[in-house]
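S.K.: The structure that follows is given in the form of structure tokens.
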Amino acid sequence: MNEKLNSPIFKPSEIVKLPEQMDHHNHGYNQVVIGLSGQTEFDIEGAGNLVCPGQGCLVTADSEHGFSGIGNNEILVLNVASELYQASYTQDHIARLFDQSGYFHLDRQAQNLIQALTAEMAAHPDDLLLSRACTDTLMCVLHRHFKPLKDDRQSYRLNMDVIDQYILQHLTRKISVAQLAGLVFLGESQFHFLFKEQTGVTPHQYVLKKRLELARDLIEESQLSVAQVAQSTGFASQSSFTQAFTRLFGKPPARYRRENPAG
């Protein structure tokens, strides 16, 4: 049995806010993730997608998956350890639902139910009986109310020249997935999926790298201070810029400038 299942604080369902930095892990139990507010990025064994309110994903046991939040976000996480739920729904039910990892839409009826349940959970976050009841309820109705997202792996190719031009023109401002998707006349989820298929990274990661590459050029070639470079490349603060720059280039911007003086 997974170590987390032996913990007295294991919650069958919980409301979570994800940090903006991408994290990766796996666990020995199935999981359902449902978007409540904002946007989150998921990557399940290489299949990336954007999860918005009314959408979600199924993560099969032991699947490697990455996740991050975009701004203010909340998700509902159902931790489905089959050995804990034999009396509630059959093993066959779980096996069919978690036949494979994937993304889905929820119909309006399911969304209304989730809204009511999560309001109760938010009011009583430490009630483990309520947490268990919410997972039981949603697992019993989920398979009737979700529709798998279509796998649009056609030969469709995004026009990256248009996307790159827009990014470079707006690097000093916040750039949303919705704005990029609108450039190529696609919905956010479809755009996110196709973008990850074509580039190997999520739109959020791609824009961040573009910001940091411009920042590196400014550090090398201009006399702007680190704070001015951070502002010029659209970072909310100098500290967040320094952390991101150091992760990508292996050293903070001030040290990078000292070791790479302009020619």
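Chain labels follow the order of the structure tokens: the first chain is A, the next B, and so on; residue numbering restarts at 1 in every chain, and ligands are counted from 1 in their shown order.
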Using only C-alpha atoms, determine which residues lie at most 10 Å from A:Ala181, disregarding the query and same-chain residues fewer than 3 positions distant; provide the list as a list of chain:residue names.
M.R.: A:Leu158, A:Ile163, A:Ser176, A:Val177, A:Ala178, A:Val184, A:Phe185, A:Leu186, A:Gly187, A:Glu188, A:Ser189, A:Gln190, A:Phe191, A:His192, A:Phe195, A:Pro203
S.K.: Could you dump the residues just selected with C-alpha atoms as a tab-separated table (two decimals), in the first residue's frame?
M.R.:
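Generated file (selection.tsv):
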```
chain	number	residue	atom	x	y	z
A	158	LEU	CA	0.30	25.94	-35.60
A	163	ILE	CA	2.70	33.27	-32.33
A	176	SER	CA	-2.53	34.39	-21.66
A	177	VAL	CA	-3.17	31.09	-23.39
A	178	ALA	CA	-6.52	32.51	-24.52
A	184	VAL	CA	-4.86	30.84	-34.59
A	185	PHE	CA	-8.65	30.61	-34.06
A	186	LEU	CA	-8.61	27.67	-31.64
A	187	GLY	CA	-10.12	26.96	-28.23
A	188	GLU	CA	-7.73	27.09	-25.29
A	189	SER	CA	-7.63	23.36	-24.57
A	190	GLN	CA	-7.14	22.36	-28.20
A	191	PHE	CA	-4.47	25.04	-28.66
A	192	HIS	CA	-2.67	23.93	-25.50
A	195	PHE	CA	1.16	23.53	-28.91
A	203	PRO	CA	2.62	27.72	-23.89
```
S.K.: Skip stretch 62-71 of chain A itself and residues of its chain fewer than 3 positions away, then list as an MDAnalysis selection string all residues within 12 Å of it, counting only C-alpha atoms.
M.R.: chainID A and resid 2 16:31 33 35:52 57:59 74:75 81 98 100:102 174:177 201:205 236
S.K.: To one decimal place, how far is atom CA of A:Ile167 from atom CA of A:Gly182 in Å?
M.R.: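 Computing it gives 12.9 Å between the two atoms.
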S.K.: Using only C-alpha atoms, can you tell me which of A:Ala95, A:Leu130, A:Val141, A:Val207 comes closest to A:Gln165?
M.R.: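 Among the listed residues, A:Val207 lies closest to A:Gln165.
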S.K.: A:Lys11, A:Arg216, A:Asn112, A:Val80: which is nearest A:Thr246, counting only C-alpha atoms?
M.R.: A:Arg216
S.K.: Step one, run DSSP on the backbone; step two, keep only residues of stretch 2-240 of chain A assigned to strand (DSSP E or B); then write them as a count of residues only.
M.R.: 57
S.K.: Quote the spacing between atom CA of A:Leu106 and atom CA of A:Leu76 in Å to one decimal place.
M.R.: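 Result for atom CA of A:Leu106 versus atom CA of A:Leu76: 13.1 Å, one decimal.
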S.K.: Looking only at helix (DSSP H, G or I) from DSSP on the backbone, list the matching residues of stretch 32-129 of chain A as an MDAnalysis selection string.
M.R.: chainID A and resid 82:84 91:97 108:123 128:129
